[in-house]
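Peer 1: Data file query.txt (compact mmCIF, C-alpha atoms and all ligand atoms) is appended below.
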# COMPACT_ATOMS: atom_id res chain seq x y z
CA MET A 1 76.82 58.65 69.75
CA ARG A 2 76.88 61.67 72.09
CA ILE A 3 80.23 62.63 73.55
CA PRO A 4 79.72 63.31 77.26
CA LEU A 5 80.17 66.86 78.51
CA VAL A 6 81.05 68.20 81.95
CA VAL A 7 80.90 71.95 82.56
CA GLY A 8 81.87 73.85 85.69
CA ASN A 9 79.95 76.92 86.80
CA TRP A 10 82.19 78.98 89.08
CA LYS A 11 79.32 81.38 89.84
CA MET A 12 80.51 84.50 91.71
CA TYR A 13 83.47 82.73 93.28
CA THR A 14 87.25 83.07 93.04
CA ASP A 15 89.40 86.18 92.75
CA ARG A 16 92.18 86.95 90.30
CA GLU A 17 94.75 84.67 91.93
CA GLY A 18 92.18 82.00 92.77
CA ALA A 19 90.92 81.83 89.20
CA ILE A 20 94.43 81.45 87.79
CA LYS A 21 95.31 78.81 90.40
CA LEU A 22 92.13 76.87 89.73
CA ALA A 23 92.72 76.89 85.96
CA GLU A 24 96.31 75.73 86.48
CA GLY A 25 95.10 73.03 88.85
CA LEU A 26 92.58 71.84 86.26
CA LYS A 27 95.29 71.54 83.66
CA SER A 28 97.53 69.45 85.85
CA GLU A 29 94.71 67.24 87.23
CA TYR A 30 93.45 66.69 83.68
CA SER A 31 96.75 65.21 82.59
CA ALA A 32 97.51 63.50 85.91
CA LYS A 33 94.20 61.63 85.74
CA GLY A 34 94.69 60.83 82.04
CA ILE A 35 91.50 62.45 80.74
CA ASP A 36 91.15 61.69 77.05
CA SER A 37 89.62 64.55 75.08
CA SER A 38 88.21 62.15 72.50
CA GLN A 39 86.03 60.61 75.23
CA ILE A 40 84.73 63.68 77.02
CA LYS A 41 84.29 67.38 76.39
CA MET A 42 84.83 69.76 79.27
CA GLY A 43 84.30 73.43 79.95
CA VAL A 44 84.55 75.99 82.74
CA CYS A 45 82.53 79.17 83.16
CA PRO A 46 84.45 81.61 85.37
CA PRO A 47 83.13 85.02 86.45
CA ALA A 48 83.26 87.35 83.41
CA PRO A 49 86.26 89.47 84.56
CA PHE A 50 88.43 86.38 84.89
CA ILE A 51 87.61 84.83 81.51
CA PRO A 52 90.70 86.26 79.75
CA LEU A 53 93.01 85.05 82.55
CA VAL A 54 91.55 81.57 82.56
CA LYS A 55 91.59 81.49 78.78
CA GLN A 56 95.27 82.39 78.85
CA VAL A 57 96.12 79.58 81.26
CA LEU A 58 94.09 77.11 79.18
CA GLU A 59 95.45 78.24 75.81
CA GLY A 60 95.64 75.23 73.49
CA HIS A 61 94.08 72.96 76.13
CA PRO A 62 90.95 70.89 75.37
CA LEU A 63 89.18 72.44 78.38
CA GLN A 64 86.90 75.10 76.89
CA VAL A 65 85.84 78.35 78.53
CA GLY A 66 82.34 79.83 78.74
CA GLY A 67 80.29 82.67 80.14
CA GLN A 68 77.60 82.45 82.82
CA ASN A 69 75.13 84.77 81.11
CA LEU A 70 74.87 87.29 78.29
CA TYR A 71 72.84 90.30 77.26
CA PRO A 72 70.98 89.73 73.99
CA GLY A 73 72.40 92.62 72.00
CA ASP A 74 75.79 93.26 70.39
CA GLU A 75 76.56 96.50 72.20
CA GLY A 76 74.80 99.53 73.60
CA ALA A 77 74.00 101.60 76.66
CA TYR A 78 73.33 98.67 78.99
CA THR A 79 75.44 99.38 82.06
CA GLY A 80 76.88 96.29 83.64
CA GLU A 81 75.96 93.86 80.88
CA VAL A 82 78.16 91.52 78.82
CA SER A 83 77.22 90.62 75.24
CA GLY A 84 77.64 87.41 73.29
CA LYS A 85 79.89 89.32 70.95
CA MET A 86 82.20 90.14 73.87
CA LEU A 87 82.23 86.55 75.11
CA ARG A 88 83.03 85.30 71.63
CA SER A 89 85.83 87.81 71.23
CA LEU A 90 87.38 86.43 74.44
CA GLY A 91 87.38 82.96 72.91
CA CYS A 92 84.39 81.58 74.82
CA HIS A 93 82.81 78.40 73.55
CA TYR A 94 79.83 77.99 75.90
CA VAL A 95 77.36 80.23 77.68
CA ILE A 96 75.05 79.17 80.51
CA LEU A 97 71.55 80.59 80.03
CA GLY A 98 68.49 80.60 82.29
CA HIS A 99 70.27 79.33 85.38
CA SER A 100 67.82 79.14 88.28
CA GLU A 101 69.84 81.71 90.25
CA ARG A 102 69.34 84.16 87.39
CA ARG A 103 65.65 83.31 87.28
CA LYS A 104 65.31 83.72 91.06
CA TYR A 105 67.47 86.78 91.76
CA PHE A 106 67.47 88.66 88.46
CA GLY A 107 63.98 88.04 87.12
CA GLU A 108 65.11 85.98 84.14
CA THR A 109 62.14 84.66 82.16
CA ASP A 110 61.74 81.97 79.50
CA GLU A 111 61.05 84.70 76.95
CA GLY A 112 64.32 86.39 77.94
CA VAL A 113 66.17 83.08 77.68
CA ASN A 114 64.71 82.66 74.19
CA LYS A 115 66.28 85.97 73.08
CA LYS A 116 69.57 85.07 74.74
CA ILE A 117 69.71 81.74 72.88
CA THR A 118 69.34 83.61 69.57
CA ALA A 119 72.13 86.00 70.57
CA ALA A 120 74.40 83.15 71.68
CA LEU A 121 73.90 81.20 68.47
CA SER A 122 74.55 84.26 66.33
CA PHE A 123 78.01 84.45 67.91
CA HIS A 124 78.64 80.72 67.63
CA LEU A 125 78.44 80.19 71.36
CA THR A 126 76.92 76.90 72.52
CA PRO A 127 74.07 77.76 74.88
CA ILE A 128 73.66 75.56 77.94
CA VAL A 129 69.98 76.14 78.64
CA CYS A 130 68.99 75.40 82.24
CA VAL A 131 65.55 74.16 83.25
CA GLY A 132 64.26 72.65 86.47
CA GLU A 133 61.53 72.71 89.07
CA THR A 134 61.45 74.03 92.64
CA LEU A 135 60.81 71.77 95.62
CA GLU A 136 57.21 72.99 95.91
CA GLU A 137 56.61 72.18 92.27
CA ARG A 138 58.06 68.69 92.68
CA GLU A 139 56.06 68.06 95.84
CA ALA A 140 52.94 69.09 93.96
CA GLY A 141 53.83 66.59 91.23
CA LYS A 142 54.16 69.39 88.69
CA MET A 143 57.81 68.92 87.72
CA LYS A 144 57.21 67.71 84.18
CA GLU A 145 54.63 70.42 83.57
CA VAL A 146 57.11 73.08 84.73
CA VAL A 147 59.99 71.76 82.64
CA THR A 148 57.72 71.37 79.60
CA SER A 149 56.66 74.99 79.90
CA GLN A 150 60.26 76.23 80.37
CA MET A 151 61.44 74.21 77.40
CA THR A 152 58.62 75.15 75.05
CA LYS A 153 58.80 78.86 75.81
CA SER A 154 62.55 79.22 75.84
CA LEU A 155 63.03 77.12 72.69
CA GLU A 156 60.14 78.63 70.73
CA GLY A 157 61.08 79.27 67.11
CA PHE A 158 64.15 77.02 67.11
CA SER A 159 64.28 74.02 64.86
CA GLY A 160 66.65 71.88 62.84
CA GLY A 161 70.29 72.87 62.93
CA LEU A 162 69.77 75.59 65.54
CA LEU A 163 68.14 73.19 67.95
CA SER A 164 70.93 70.69 67.49
CA SER A 165 73.50 73.31 68.57
CA LEU A 166 72.05 73.45 72.08
CA VAL A 167 72.92 71.76 75.33
CA ILE A 168 70.13 71.38 77.89
CA ALA A 169 70.86 71.16 81.61
CA TYR A 170 68.21 69.75 83.92
CA GLU A 171 68.85 71.34 87.28
CA PRO A 172 66.19 70.77 89.92
CA VAL A 173 66.34 73.96 92.00
CA TRP A 174 66.12 72.05 95.28
CA ALA A 175 69.28 70.11 94.39
CA ILE A 176 71.48 73.11 93.61
CA GLY A 177 74.07 73.78 96.27
CA THR A 178 72.21 71.69 98.83
CA GLY A 179 74.33 68.54 98.81
CA VAL A 180 71.19 66.57 97.95
CA SER A 181 71.15 65.50 94.32
CA ALA A 182 68.18 64.04 92.47
CA SER A 183 68.20 60.25 92.46
CA PRO A 184 69.59 58.81 89.22
CA GLU A 185 66.12 57.36 88.53
CA ASP A 186 64.29 60.68 88.97
CA ALA A 187 66.92 62.53 86.95
CA GLU A 188 66.75 59.95 84.14
CA GLU A 189 62.96 60.15 84.09
CA MET A 190 63.15 63.91 83.52
CA HIS A 191 65.95 63.58 80.96
CA GLN A 192 63.81 61.09 79.05
CA HIS A 193 60.95 63.56 79.19
CA ILE A 194 63.21 66.35 77.89
CA ARG A 195 64.44 64.12 75.08
CA THR A 196 60.83 63.39 74.09
CA LEU A 197 60.06 67.12 74.11
CA LEU A 198 63.05 67.72 71.85
CA SER A 199 61.79 65.02 69.48
CA SER A 200 58.48 66.83 69.23
CA LEU A 201 60.26 70.15 68.55
CA GLY A 202 62.53 68.55 65.97
CA ASP A 203 62.68 64.84 65.32
CA ASP A 204 64.11 61.72 66.95
CA ASP A 205 67.48 61.94 65.20
CA LEU A 206 67.94 65.53 66.20
CA ALA A 207 66.84 64.90 69.79
CA ALA A 208 69.28 62.01 70.01
CA LYS A 209 72.17 64.37 69.24
CA ILE A 210 71.51 66.97 71.96
CA PRO A 211 73.58 66.56 75.13
CA LEU A 212 71.45 66.60 78.27
CA LEU A 213 73.37 67.47 81.42
CA TYR A 214 72.24 66.93 84.98
CA GLY A 215 73.07 69.63 87.52
CA GLY A 216 72.50 69.85 91.26
CA SER A 217 75.02 68.66 93.86
CA VAL A 218 77.02 66.54 91.43
CA LYS A 219 80.23 65.23 93.02
CA GLY A 220 82.73 62.45 92.54
CA SER A 221 80.63 60.14 94.71
CA ASN A 222 77.41 60.36 92.66
CA ALA A 223 78.67 61.16 89.13
CA LEU A 224 79.11 57.50 88.16
CA GLU A 225 75.60 56.50 89.13
CA LEU A 226 73.95 59.57 87.59
CA SER A 227 75.76 59.42 84.28
CA GLY A 228 75.27 55.66 84.20
CA LYS A 229 71.76 56.49 83.01
CA PRO A 230 71.33 56.44 79.23
CA ASN A 231 69.88 59.96 78.84
CA ILE A 232 72.27 61.69 81.25
CA ASP A 233 75.16 62.82 79.07
CA GLY A 234 77.22 64.61 81.67
CA ALA A 235 76.97 67.28 84.33
CA LEU A 236 76.76 70.98 85.05
CA VAL A 237 78.73 71.36 88.24
CA GLY A 238 78.72 74.25 90.72
CA GLY A 239 80.40 73.73 94.10
CA ALA A 240 82.57 70.78 93.09
CA SER A 241 83.95 72.69 90.09
CA LEU A 242 85.83 75.02 92.45
CA LYS A 243 88.27 72.26 93.39
CA ALA A 244 90.34 71.04 90.46
CA GLY A 245 90.68 67.48 91.80
CA ASP A 246 86.94 67.13 92.50
CA PHE A 247 85.95 68.49 89.11
CA ILE A 248 88.30 66.23 87.17
CA GLU A 249 87.19 63.26 89.28
CA ILE A 250 83.61 63.91 88.11
CA ALA A 251 84.80 63.84 84.50
CA GLN A 252 86.62 60.56 85.16
CA LYS A 253 83.47 59.00 86.60
CA VAL A 254 81.38 60.18 83.67
CA VAL A 255 83.83 58.60 81.21
CA GLU A 256 83.80 55.37 83.25
CA ALA A 257 79.98 55.30 83.36
CA LYS A 258 79.69 55.79 79.62
CA LYS A 259 82.25 53.04 78.94
CA ASN A 260 80.12 50.63 80.94
CA GLN A 261 76.95 51.46 79.03
P1 LIG A 301 75.92 72.70 92.58
O1 LIG A 301 75.44 73.79 91.49
O2 LIG A 301 76.75 71.68 91.83
O3 LIG A 301 76.74 73.48 93.57
O4 LIG A 301 74.69 72.10 93.17
C1 LIG A 301 75.00 73.40 90.23
C2 LIG A 301 74.66 74.60 89.41
O5 LIG A 301 74.22 75.62 89.96
O6 LIG A 301 74.82 74.57 88.18
For the structure just supplied, provide its representation as structure tokens.
Peer 2:
Amino acid sequence: MRIPLVVGNWKMYTDREGAIKLAEGLKSEYSAKGIDSSQIKMGVCPPAPFIPLVKQVLEGHPLQVGGQNLYPGDEGAYTGEVSGKMLRSLGCHYVILGHSERRKYFGETDEGVNKKITAALSFHLTPIVCVGETLEEREAGKMKEVVTSQMTKSLEGFSGGLLSSLVIAYEPVWAIGTGVSASPEDAEEMHQHIRTLLSSLGDDDLAAKIPLLYGGSVKGSNALELSGKPNIDGALVGGASLKAGDFIEIAQKVVEAKKNQ
């Protein structure tokens, strides 16, 4: 029912040449590995300055492009910020919102994420809303409490059609960039919890439509097992999205896992 989705977050990596090379590599790996766009959706979120270059390389290709953040206003005197309107005008499809690095280093709050979701939706961008607990919170057994609070606050006021336009990414902070991913069982337990929360915000049918991605040290070697779980619909990938072969391998594994379900 849900088409799997794999999105790459390039963070503040690559340079002009590197971004072009990576996008070209993705194109050739995609066809070399026989990825079928009817079985999986894919996207990449390069650093903002490189979006037009990457978009140019991927013109007409099923791989979509997205932003890593936005400012919730159309335009104005906000030095250094990028609006949803700008991302849309560059042909972006997705935008990552509330990533834990933005929460940690740039003071992003759930209330701020809420405004950003509204802005993204008004420009027909699909928000990929990130939630997840820190290691301390998990060790204290508070992970569900934390994710519930992040979800309720950042999704406040959204219902029906708006809610169904979202993608949620569960990214335990302790798993991001550490090489240690959540176990498929722990990830599935949280995804189930998120799905239940979405049912209570909307209804079961609506919740069943929303793609839930897992993020945190996803690689070719664990993608099959993780996405083999019924509520894990794909992945948000950091490190492994910087190598075309590794990223496409993840997509292959996700397709394989979903075929076996
Ligand atoms: P990682 O990053 O795959 O390098 O752990 C994931 C993310 O930050 O979205």
Peer 1: Could you please give me, as a list in words, the residues of protein, DNA or RNA lying at most 7 Å from (69.8, 82.2, 83.2) in the coordinate frame of the file, considering only C-alpha atoms?
Peer 2: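 Residues satisfying the cut-off, written out: Asn69, Ile96, Leu97, Gly98, His99, Ser100, Arg102, Arg103, Glu108, Val113 and Cys130 of chain A.
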Peer 1: Do you know which residues are within 10 Å of ligand LIG 301 (chain A) using all atoms listed in the file? Can you write them as a PyMOL selection string?
Peer 2: chain A and resi 7-11+68+96+99-101+130+169-181+213-219+235-242
Peer 1: Using all atoms listed in the file, determine which residues lie at most 12 Å from Leu162 of chain A, disregarding the query and same-chain residues fewer than 4 positions distant; provide the list as a ChimeraX atom specification.
Peer 2: /A:117-122,124-127,155-158,166-167,201-202,206-207,210
Peer 1: Which residues are near segment 46-57 of chain A? Cut-off 9 Å, all atoms listed in the file, ignore same chain within fewer than 5 positions. Put them as a PyMOL selection string.
Peer 2: chain A and resi 8-16+19-20+22-24+27+64-69+82+87+90-92
Peer 1: Restrict the calculation to all atoms listed in the file, then for each residue of segment 85-168 of chain A with any atom at most 12 Å from an atom of segment 184-193 of chain A give the closest atom pair and their distance in Å to one decimal, rows by chain and rising residue number, as CSV.
Peer 2:
residue,atom,partner,partner_atom,distance
A:Val131,CA,A:Met190,CA,10.5
A:Gly132,CA,A:Met190,CA,9.3
A:Glu133,CA,A:Met190,CA,10.5
A:Arg138,CA,A:Asp186,CA,10.8
A:Lys142,CA,A:Met190,CA,11.7
A:Met143,CA,A:Met190,CA,8.4
A:Lys144,CA,A:Met190,CA,7.1
A:Glu145,CA,A:His193,CA,10.3
A:Val146,CA,A:Met190,CA,11.0
A:Val147,CA,A:Met190,CA,8.5
A:Thr148,CA,A:His193,CA,8.5
A:Met151,CA,A:His193,CA,10.8
A:Ile168,CA,A:His191,CA,9.4
Peer 1: Provide the atom CA of Lys258 of chain A to atom CA of Gly60 of chain A distance in Å, to one decimal place.
Peer 2: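 Computing the Euclidean distance for atom CA of Lys258 of chain A and atom CA of Gly60 of chain A yields 25.9 Å.
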Peer 1: Using all atoms of segment 4-19 of chain A that appear in the file, construct an axis-aligned enclosing box with 4 Å of padding on every side and provide its centre coordinates and edge lengths in Å, rounded to one decimal, as AutoDock Vina command-line options.
Peer 2:
--center_x 87.0 --center_y 75.1 --center_z 85.3 --size_x 23.4 --size_y 31.6 --size_z 24.0
Peer 1: Just want the 9 Å neighbourhood of Tyr71 of chain A, counted on only C-alpha atoms, with same-chain residues fewer than 3 positions away dropped. Output as an mmCIF file with C-alpha atoms, keeping the file's coordinate frame.
Peer 2:
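part27.cif, written as the output of this step:
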data_model
loop_
_atom_site.group_PDB
_atom_site.id
_atom_site.type_symbol
_atom_site.label_atom_id
_atom_site.label_comp_id
_atom_site.auth_asym_id
_atom_site.auth_seq_id
_atom_site.Cartn_x
_atom_site.Cartn_y
_atom_site.Cartn_z
ATOM 1 C CA ASP A 74 75.790 93.260 70.390
ATOM 2 C CA GLU A 75 76.560 96.500 72.200
ATOM 3 C CA TYR A 78 73.330 98.670 78.990
ATOM 4 C CA GLU A 81 75.960 93.860 80.880
ATOM 5 C CA VAL A 82 78.160 91.520 78.820
ATOM 6 C CA SER A 83 77.220 90.620 75.240
ATOM 7 C CA GLY A 84 77.640 87.410 73.290
ATOM 8 C CA LYS A 115 66.280 85.970 73.080
ATOM 9 C CA LYS A 116 69.570 85.070 74.740
ATOM 10 C CA ALA A 119 72.130 86.000 70.570
#
Peer 1: Report the distance between atom CA of Pro4 of chain A and atom CA of Lys41 of chain A in Å, rounded to one decimal place.
Peer 2: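 Distance reported for this atom pair: 6.2 Å.
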Peer 1: Counting all atoms listed in the file, what is within 12 Å of Gly25 of chain A, bar same-chain residues fewer than 4 positions away, as a PDB file with C-alpha atoms, keeping the file's coordinate frame?
Peer 2:
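Final output, part21.pdb:
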ATOM      1  CA  GLY A  18      92.180  82.000  92.770  1.00  0.00           C
ATOM      2  CA  ALA A  19      90.920  81.830  89.200  1.00  0.00           C
ATOM      3  CA  ILE A  20      94.430  81.450  87.790  1.00  0.00           C
ATOM      4  CA  LYS A  21      95.310  78.810  90.400  1.00  0.00           C
ATOM      5  CA  GLU A  29      94.710  67.240  87.230  1.00  0.00           C
ATOM      6  CA  TYR A  30      93.450  66.690  83.680  1.00  0.00           C
ATOM      7  CA  SER A  31      96.750  65.210  82.590  1.00  0.00           C
ATOM      8  CA  ALA A  32      97.510  63.500  85.910  1.00  0.00           C
ATOM      9  CA  LYS A  33      94.200  61.630  85.740  1.00  0.00           C
ATOM     10  CA  VAL A  54      91.550  81.570  82.560  1.00  0.00           C
ATOM     11  CA  VAL A  57      96.120  79.580  81.260  1.00  0.00           C
ATOM     12  CA  LEU A  58      94.090  77.110  79.180  1.00  0.00           C
ATOM     13  CA  SER A 241      83.950  72.690  90.090  1.00  0.00           C
ATOM     14  CA  LEU A 242      85.830  75.020  92.450  1.00  0.00           C
ATOM     15  CA  LYS A 243      88.270  72.260  93.390  1.00  0.00           C
ATOM     16  CA  ALA A 244      90.340  71.040  90.460  1.00  0.00           C
ATOM     17  CA  GLY A 245      90.680  67.480  91.800  1.00  0.00           C
ATOM     18  CA  ASP A 246      86.940  67.130  92.500  1.00  0.00           C
ATOM     19  CA  PHE A 247      85.950  68.490  89.110  1.00  0.00           C
ATOM     20  CA  ILE A 248      88.300  66.230  87.170  1.00  0.00           C
TER      21      ILE A 248
END
Peer 1: What is the distance, in Å and to one decimal place, between atom CA of His93 of chain A and atom CA of Val129 of chain A?
Peer 2: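 Distance between the two atoms: 14.0 Å.
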Peer 1: I need the residue nearest Val6 of chain A from this list: A:Ser165, A:Ser200, A:Gln39, A:Ser154. Use all atoms listed in the file for the distance.
Peer 2: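 Looking only at the distances to Val6 of chain A, the closest residue turns out to be A:Gln39.
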